[in-house]
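Shown next: protein_35.cif, given as mmCIF, C-alpha atoms and all ligand atoms.
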```cif
data_query
#
loop_
_atom_site.label_atom_id
_atom_site.label_comp_id
_atom_site.auth_asym_id
_atom_site.auth_seq_id
_atom_site.Cartn_x
_atom_site.Cartn_y
_atom_site.Cartn_z
CA MET A 17 16.31 10.63 -16.59
CA GLN A 18 15.03 7.58 -18.47
CA VAL A 19 12.08 5.90 -16.75
CA ALA A 20 11.69 2.87 -19.02
CA GLY A 21 11.78 -0.34 -16.99
CA LYS A 22 11.87 1.54 -13.68
CA TRP A 23 9.28 1.40 -10.90
CA ALA A 24 7.16 4.49 -10.24
CA LEU A 25 4.53 4.95 -7.52
CA VAL A 26 1.83 7.53 -8.25
CA THR A 27 -0.50 8.24 -5.35
CA GLY A 28 -4.04 9.36 -6.10
CA ALA A 29 -3.84 7.94 -9.62
CA SER A 30 -7.50 6.90 -10.00
CA ARG A 31 -8.56 10.25 -11.49
CA GLY A 32 -7.58 13.87 -12.07
CA VAL A 33 -3.89 14.78 -12.12
CA GLY A 34 -2.60 11.43 -10.86
CA LEU A 35 -4.41 9.52 -13.61
CA ARG A 36 -2.69 11.64 -16.28
CA ILE A 37 0.72 11.21 -14.64
CA ALA A 38 0.34 7.44 -14.25
CA LYS A 39 -0.64 6.98 -17.89
CA ALA A 40 2.12 9.30 -19.11
CA LEU A 41 4.80 7.47 -17.10
CA ALA A 42 3.53 4.11 -18.35
CA ALA A 43 3.65 5.41 -21.93
CA LYS A 44 7.34 6.15 -21.32
CA GLY A 45 7.88 2.54 -20.26
CA ALA A 46 7.83 2.90 -16.47
CA LYS A 47 6.37 0.12 -14.37
CA VAL A 48 3.66 2.11 -12.64
CA ILE A 49 2.14 1.38 -9.25
CA VAL A 50 -1.32 2.94 -9.37
CA HIS A 51 -2.60 4.01 -5.95
CA SER A 52 -6.00 5.15 -4.73
CA ARG A 53 -8.23 4.35 -1.77
CA SER A 54 -9.88 1.44 -3.55
CA LEU A 55 -8.30 -1.46 -5.34
CA SER A 56 -11.09 -1.54 -7.94
CA ALA A 57 -10.57 2.15 -8.84
CA SER A 58 -6.81 1.58 -9.12
CA GLN A 59 -7.39 -1.58 -11.16
CA LYS A 60 -9.52 0.34 -13.69
CA VAL A 61 -6.52 2.54 -14.44
CA VAL A 62 -4.23 -0.49 -14.59
CA ASP A 63 -6.58 -2.06 -17.15
CA GLU A 64 -6.49 1.13 -19.23
CA ILE A 65 -2.69 1.21 -19.11
CA THR A 66 -2.49 -2.48 -20.01
CA ARG A 67 -4.77 -1.92 -23.02
CA LEU A 68 -2.28 0.71 -24.17
CA GLN A 69 0.54 -1.86 -23.90
CA GLY A 70 1.92 -0.38 -20.67
CA PHE A 71 2.73 -2.15 -17.40
CA ALA A 72 1.02 -1.25 -14.15
CA VAL A 73 -0.04 -2.72 -10.81
CA ALA A 74 -2.92 -1.60 -8.57
CA VAL A 75 -2.65 -0.84 -4.85
CA GLU A 76 -4.96 0.78 -2.30
CA ALA A 77 -4.35 2.74 0.89
CA GLU A 78 -6.26 5.31 2.92
CA LEU A 79 -3.58 7.94 3.48
CA SER A 80 -5.24 9.37 6.60
CA ASP A 81 -4.38 6.09 8.33
CA ASN A 82 -0.71 5.68 9.33
CA GLN A 83 -1.03 1.89 9.38
CA ALA A 84 -2.39 1.88 5.84
CA VAL A 85 0.55 4.08 4.78
CA ALA A 86 2.97 1.57 6.34
CA SER A 87 1.18 -1.26 4.58
CA LEU A 88 1.44 0.63 1.27
CA VAL A 89 5.20 0.90 1.80
CA SER A 90 5.40 -2.87 2.41
CA GLN A 91 3.34 -3.66 -0.69
CA VAL A 92 5.51 -1.42 -2.85
CA ASN A 93 8.71 -2.92 -1.43
CA GLN A 94 7.42 -6.41 -2.18
CA LEU A 95 6.54 -5.50 -5.74
CA THR A 96 9.76 -3.65 -6.48
CA HIS A 97 12.20 -5.60 -4.28
CA GLN A 98 13.03 -2.23 -2.71
CA SER A 99 13.94 -0.56 -5.97
CA LEU A 100 11.42 2.25 -6.40
CA THR A 101 12.87 4.98 -8.62
CA VAL A 102 9.99 7.48 -8.90
CA LEU A 103 7.70 8.58 -6.07
CA TYR A 104 4.96 10.93 -7.24
CA ASN A 105 3.13 12.15 -4.11
CA ASN A 106 0.01 13.43 -5.80
CA ALA A 107 -2.97 12.34 -3.66
CA ALA A 108 -4.56 15.05 -1.56
CA ILE A 109 -7.85 16.12 -0.08
CA MET A 110 -9.44 19.53 0.21
CA THR A 111 -11.64 20.01 3.27
CA PRO A 112 -14.91 21.96 2.79
CA TRP A 113 -15.05 25.68 2.06
CA ARG A 114 -15.72 27.42 5.40
CA ASP A 115 -17.80 30.52 4.61
CA ASP A 116 -16.97 32.29 7.85
CA ALA A 117 -13.26 31.45 7.47
CA VAL A 118 -13.35 29.72 10.84
CA VAL A 119 -11.70 26.41 10.09
CA PRO A 120 -12.27 23.60 12.59
CA ALA A 121 -9.26 21.80 14.05
CA SER A 122 -10.49 18.58 12.46
CA ASP A 123 -9.99 20.13 8.99
CA TYR A 124 -6.37 20.88 9.88
CA ALA A 125 -5.79 17.40 11.31
CA LEU A 126 -7.16 15.60 8.25
CA SER A 127 -5.47 17.92 5.74
CA PHE A 128 -2.09 17.63 7.44
CA GLN A 129 -2.39 13.86 7.70
CA VAL A 130 -3.27 13.22 4.05
CA ASN A 131 -1.51 16.15 2.35
CA CYS A 132 1.70 16.38 4.38
CA ILE A 133 2.33 13.58 6.88
CA ALA A 134 1.52 10.72 4.50
CA PRO A 135 3.65 12.13 1.63
CA ALA A 136 6.50 12.85 4.07
CA SER A 137 6.26 9.29 5.43
CA LEU A 138 6.44 7.91 1.89
CA CYS A 139 9.48 10.08 1.13
CA ASP A 140 11.16 8.91 4.33
CA ALA A 141 10.38 5.27 3.53
CA PHE A 142 11.65 5.28 -0.05
CA LEU A 143 14.54 7.76 0.11
CA PRO A 144 17.09 5.28 1.55
CA GLN A 145 16.61 2.77 -1.27
CA MET A 146 16.78 5.53 -3.89
CA LYS A 147 20.02 6.79 -2.35
CA GLN A 148 21.39 3.27 -2.35
CA GLN A 149 20.55 2.97 -6.07
CA GLY A 150 22.14 6.38 -6.62
CA GLU A 151 19.04 7.38 -8.56
CA GLY A 152 15.55 8.61 -7.71
CA ARG A 153 12.98 11.28 -8.42
CA ILE A 154 10.48 12.43 -5.80
CA VAL A 155 7.79 14.89 -6.79
CA ASN A 156 5.50 16.35 -4.17
CA VAL A 157 2.39 18.00 -5.55
CA THR A 158 1.76 21.42 -4.07
CA SER A 159 -0.69 24.21 -4.82
CA GLY A 160 -0.61 27.86 -5.80
CA ILE A 161 -3.61 28.55 -3.58
CA ALA A 162 -3.38 31.98 -1.93
CA ASP A 163 -5.53 34.44 0.02
CA GLN A 164 -8.38 32.02 0.71
CA PRO A 165 -8.79 31.80 4.50
CA GLN A 166 -11.87 29.62 3.92
CA LEU A 167 -9.50 26.86 2.77
CA MET A 168 -6.76 27.55 5.32
CA ALA A 169 -6.35 23.91 6.38
CA TYR A 170 -5.61 22.85 2.80
CA SER A 171 -3.19 25.70 2.10
CA CYS A 172 -1.33 25.27 5.41
CA SER A 173 -0.92 21.54 4.77
CA LYS A 174 0.60 22.30 1.35
CA ALA A 175 2.86 24.96 2.88
CA ALA A 176 4.12 22.34 5.35
CA LEU A 177 4.85 19.98 2.46
CA ASP A 178 6.77 22.77 0.67
CA ARG A 179 8.82 23.24 3.82
CA TYR A 180 9.50 19.50 4.06
CA VAL A 181 11.04 19.62 0.58
CA ARG A 182 13.09 22.71 1.33
CA ASP A 183 14.51 21.40 4.60
CA MET A 184 15.32 17.98 3.09
CA LEU A 185 17.79 19.52 0.63
CA PRO A 186 21.00 19.06 2.67
CA SER A 187 20.39 15.31 2.85
CA LEU A 188 20.01 15.00 -0.93
CA ALA A 189 23.19 16.63 -2.19
CA GLY A 190 25.22 14.31 -4.42
CA SER A 191 22.85 11.38 -3.84
CA GLY A 192 21.42 11.09 -7.34
CA VAL A 193 17.97 11.63 -5.84
CA LEU A 194 16.04 14.78 -6.70
CA MET A 195 13.08 16.01 -4.67
CA ASN A 196 10.99 18.78 -6.17
CA LEU A 197 7.53 20.34 -6.09
CA MET A 198 4.94 20.47 -8.85
CA ASP A 199 1.98 22.84 -9.00
CA PRO A 200 -0.53 21.54 -11.55
CA GLY A 201 -2.50 24.82 -11.81
CA TRP A 202 -6.21 25.23 -11.21
CA LEU A 203 -7.92 22.33 -12.95
CA GLN A 204 -11.40 20.97 -13.61
CA THR A 205 -11.04 17.92 -11.38
CA ASP A 206 -13.16 16.70 -8.48
CA LEU A 207 -10.84 18.69 -6.20
CA GLY A 208 -10.54 21.80 -8.39
CA GLY A 209 -14.23 22.06 -9.30
CA GLU A 210 -16.06 22.97 -12.50
CA GLN A 211 -15.12 26.65 -12.43
CA ALA A 212 -11.43 25.97 -12.85
CA PRO A 213 -10.01 27.40 -16.09
CA ASN A 214 -7.89 24.41 -17.10
CA HIS A 215 -8.70 20.90 -18.33
CA PRO A 216 -6.86 18.21 -16.34
CA ASP A 217 -5.08 17.05 -19.53
CA SER A 218 -3.20 20.38 -19.43
CA VAL A 219 -0.91 19.09 -16.66
CA LEU A 220 1.01 17.28 -19.38
CA PRO A 221 3.75 17.49 -20.40
CA GLY A 222 4.76 19.79 -17.50
CA ALA A 223 3.96 17.30 -14.72
CA LEU A 224 6.60 14.94 -16.09
CA VAL A 225 9.38 17.54 -16.14
CA PRO A 226 10.48 17.02 -12.50
CA VAL A 227 10.68 13.25 -13.16
CA LEU A 228 12.66 13.42 -16.40
CA LEU A 229 15.23 15.97 -15.17
CA ASP A 230 18.96 15.32 -15.23
CA GLU A 231 20.60 15.15 -11.83
CA GLU A 232 22.30 18.52 -12.41
CA ALA A 233 18.89 20.24 -12.31
CA GLY A 234 18.95 19.83 -8.52
CA SER A 235 16.29 19.68 -5.86
CA GLY A 236 13.99 22.10 -4.11
CA GLN A 237 12.52 23.69 -7.25
CA LEU A 238 8.88 24.45 -7.96
CA TYR A 239 7.71 23.29 -11.39
CA CYS A 240 4.43 24.77 -12.61
CA ALA A 241 2.81 22.38 -15.08
CA GLN A 242 0.92 25.17 -16.87
CA ASP A 243 4.26 26.79 -17.86
CA TYR A 244 4.93 23.92 -20.30
CA ARG A 245 1.65 24.00 -22.28
N1 LIG B 301 -7.32 20.41 -9.15
C1 LIG B 301 -6.72 21.55 -8.86
O1 LIG B 301 -7.19 22.65 -9.24
C2 LIG B 301 -5.43 21.56 -8.09
C3 LIG B 301 -4.76 22.77 -7.92
C4 LIG B 301 -3.56 22.78 -7.23
C5 LIG B 301 -3.05 21.61 -6.72
N2 LIG B 301 -3.75 20.44 -6.89
C6 LIG B 301 -3.15 19.21 -6.33
O2 LIG B 301 -3.08 18.23 -7.34
C7 LIG B 301 -3.19 16.93 -6.74
C8 LIG B 301 -4.24 16.12 -7.44
O3 LIG B 301 -5.46 16.80 -7.34
P1 LIG B 301 -6.71 16.42 -8.26
O4 LIG B 301 -7.36 17.69 -8.61
O5 LIG B 301 -6.30 15.48 -9.33
O6 LIG B 301 -7.63 15.67 -7.18
P2 LIG B 301 -8.83 14.62 -7.39
O7 LIG B 301 -9.32 14.61 -8.79
O8 LIG B 301 -9.78 14.90 -6.29
O9 LIG B 301 -8.11 13.20 -7.14
C9 LIG B 301 -7.59 12.93 -5.88
C10 LIG B 301 -6.87 11.60 -5.87
O10 LIG B 301 -6.33 11.41 -4.57
C11 LIG B 301 -6.88 10.22 -3.99
N3 LIG B 301 -7.20 10.47 -2.59
C12 LIG B 301 -8.03 11.41 -2.09
N4 LIG B 301 -8.10 11.31 -0.76
C13 LIG B 301 -7.32 10.27 -0.40
C14 LIG B 301 -7.02 9.66 0.84
N5 LIG B 301 -7.54 10.09 1.99
N6 LIG B 301 -6.19 8.60 0.83
C15 LIG B 301 -5.67 8.14 -0.32
N7 LIG B 301 -5.93 8.67 -1.53
C16 LIG B 301 -6.75 9.72 -1.57
C17 LIG B 301 -8.15 9.93 -4.78
O11 LIG B 301 -8.39 8.54 -4.74
P3 LIG B 301 -9.86 7.90 -4.59
O12 LIG B 301 -10.27 7.48 -5.97
O13 LIG B 301 -9.66 6.76 -3.67
O14 LIG B 301 -10.77 8.96 -4.02
C18 LIG B 301 -7.79 10.42 -6.17
O15 LIG B 301 -7.06 9.45 -6.86
C19 LIG B 301 -3.46 17.18 -5.25
O16 LIG B 301 -2.25 17.12 -4.54
C20 LIG B 301 -4.01 18.59 -5.23
O17 LIG B 301 -3.81 19.23 -3.98
C21 LIG B 301 -4.90 20.37 -7.57
#
```
Spit out the file's structure as structure tokens when you get a sec.
Ligand SMILES: NC(=O)c1ccc[n+]([C@@H]2O[C@H](COP(=O)([O-])OP(=O)(O)OC[C@H]3O[C@@H](n4cnc5c(N)ncnc54)[C@H](OP(=O)(O)O)[C@@H]3O)[C@@H](O)[C@H]2O)c1
Amino acid sequence: MQVAGKWALVTGASRGVGLRIAKALAAKGAKVIVHSRSLSASQKVVDEITRLQGFAVAVEAELSDNQAVASLVSQVNQLTHQSLTVLYNNAAIMTPWRDDAVVPASDYALSFQVNCIAPASLCDAFLPQMKQQGEGRIVNVTSGIADQPQLMAYSCSKAALDRYVRDMLPSLAGSGVLMNLMDPGWLQTDLGGEQAPNHPDSVLPGALVPVLLDEEAGSGQLYCAQDYR
């Protein structure tokens, strides 16, 4: 799919994976809505994109707050006149490592809210307009995390997001909208930590694959960014 001239929302675009995706989409001519929790952090990225001759707009929203998520939807609809084409649900949190593998309920609540409920709400909000346009690409960022009970809240929240994508498939058939998952690999970001084997730049070009796909590629696939290095 061509993204030039089309609106794309990238959540968590102030740093790490989202920053790379936002800049890469802008370089392809998309009009990028850069999201983070603070307008000034989003604006920094917008300034960078503008310097590189791209077009971007900054927004802020705390994704653990349902009202802030609703307000983000309104802001995006105002900017785009309800014509968002790309939704890149990238923002996520990782709750602390629990040495004893006893994960408090509050870790689950926060992880599910930010990593699953907010992305699902954004999908639900923007899917109808994408279907109406007959074109859209939704990418939900997941994780290959496995066998780490100390981070159970994070991994369960990502598993729930995977399930959301899988069970949404019947409603997408023939709509022109694709919804897929992207695993960026283990990266040296604030979330991934210094011990990760991969530089965050290594998510490209793979992270763009689920956006640039033809409709025939279908939905419900897992794209691993490190496979395209
Ligand atoms: N790094 C890895 O090794 C790895 C591995 C597998 C999957 N992933 C996934 O890749 C995605 C990006 O991860 P990353 O490593 O790039 O993370 P990161 O460097 O920590 O960046 C996280 C981004 O999400 C935003 N964010 C965090 N909490 C938020 C909240 N409560 N509300 C709204 N925005 C929030 C941050 O914005 P602020 O500037 O406002 O904080 C920031 O832009 C995530 O979905 C993560 O689960 C990462």
Using all atoms listed in the file, the best pick from A:Met198, A:Met168, A:Val102, A:Val19 as closest to ligand LIG 301 (chain B) would be A:Met198
Excluding Leu25 (chain A) and its own-chain neighbours fewer than 4 positions away, which residues fall within 7 Å of it when counting all atoms listed in the file? Please give them as an NGL selection string. :A and (48-50 or 102-104)
Please tabulate, as CSV, the residues of chain A that come within 6 Å of ligand LIG 301 (chain B), each with its closest pair of atoms and the distance in Å to one decimal, counting only C-alpha atoms and all ligand atoms and ordering rows by chain, then residue number upward.
```
residue,atom,partner,partner_atom,distance
A:Gly28,CA,B:LIG301,O15,3.1
A:Ala29,CA,B:LIG301,O15,4.5
A:Ser30,CA,B:LIG301,O15,4.1
A:Arg31,CA,B:LIG301,O15,4.9
A:Gly32,CA,B:LIG301,O5,3.4
A:Val33,CA,B:LIG301,O5,3.8
A:Gly34,CA,B:LIG301,O5,5.7
A:Ser52,CA,B:LIG301,O13,4.1
A:Arg53,CA,B:LIG301,O13,3.4
A:Ser54,CA,B:LIG301,O13,5.3
A:Ala77,CA,B:LIG301,C15,5.7
A:Glu78,CA,B:LIG301,N6,3.9
A:Leu79,CA,B:LIG301,N6,3.8
A:Ser80,CA,B:LIG301,N5,5.2
A:Asn106,CA,B:LIG301,O16,4.5
A:Ala107,CA,B:LIG301,O10,3.6
A:Ala108,CA,B:LIG301,O16,4.3
A:Ile109,CA,B:LIG301,N4,4.9
A:Val130,CA,B:LIG301,N5,5.7
A:Val157,CA,B:LIG301,O16,4.8
A:Thr158,CA,B:LIG301,C5,5.5
A:Ser159,CA,B:LIG301,C5,4.0
A:Asp199,CA,B:LIG301,C5,5.7
A:Pro200,CA,B:LIG301,C4,5.4
A:Gly201,CA,B:LIG301,C3,4.9
A:Trp202,CA,B:LIG301,O1,3.4
A:Leu203,CA,B:LIG301,O1,3.8
A:Thr205,CA,B:LIG301,O7,4.5
A:Asp206,CA,B:LIG301,O7,4.4
A:Leu207,CA,B:LIG301,O8,3.9
A:Gly208,CA,B:LIG301,O1,3.6
```
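For the pair CA of Gly236 (chain A) and CA of Val181 (chain A), the interatomic distance is 6.1 Å.
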Ala162 (chain A) surroundings by only C-alpha atoms, 12 Å radius, close-in-sequence under 4 positions cut, as a PDB file with C-alpha atoms, in the coordinates of the input:
```pdb
ATOM      1  CA  THR A 158       1.760  21.420  -4.070  1.00  0.00           C
ATOM      2  CA  GLN A 166     -11.870  29.620   3.920  1.00  0.00           C
ATOM      3  CA  LEU A 167      -9.500  26.860   2.770  1.00  0.00           C
ATOM      4  CA  MET A 168      -6.760  27.550   5.320  1.00  0.00           C
ATOM      5  CA  ALA A 169      -6.350  23.910   6.380  1.00  0.00           C
ATOM      6  CA  TYR A 170      -5.610  22.850   2.800  1.00  0.00           C
ATOM      7  CA  SER A 171      -3.190  25.700   2.100  1.00  0.00           C
ATOM      8  CA  CYS A 172      -1.330  25.270   5.410  1.00  0.00           C
ATOM      9  CA  LYS A 174       0.600  22.300   1.350  1.00  0.00           C
ATOM     10  CA  ALA A 175       2.860  24.960   2.880  1.00  0.00           C
ATOM     11  CA  TRP A 202      -6.210  25.230 -11.210  1.00  0.00           C
TER      12      TRP A 202
END
```
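Summary of the local environment: counting all atoms listed in the file, residues at most 12 Å from Ala43 (chain A), other than itself and those fewer than 4 positions away along its chain, are A:Val19, A:Ala20, A:Gly21, A:Arg36, A:Ile37, A:Ala38, A:Lys39, A:Lys47, A:Val48, A:Glu64, A:Ile65, A:Thr66, A:Arg67, A:Leu68, A:Gln69, A:Gly70, A:Phe71, A:Ala72, A:Leu224.
For the atom pair formed by CA of Ser90 (chain A) and CA of Leu188 (chain A), the distance is 23.3 Å, given to one decimal.
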Around the point (13.7, 23.4, -9.5) in the file's coordinates, collect all residues with an atom within 9 Å, using all atoms listed in the file, and return them as a list in words.
Met195, Asn196, Leu197, Pro226, Ala233, Gly234, Ser235, Gly236, Gln237, Leu238 and Tyr239 of chain A
Between CA of Gln91 (chain A) and CA of Gln59 (chain A) lies a distance of 15.1 Å
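Between Ile133 (chain A) and the candidates A:Ala176, A:Ile161, A:Met110, A:Val118, the tightest atom-to-atom separation, counting all atoms listed in the file, involves A:Ala176.
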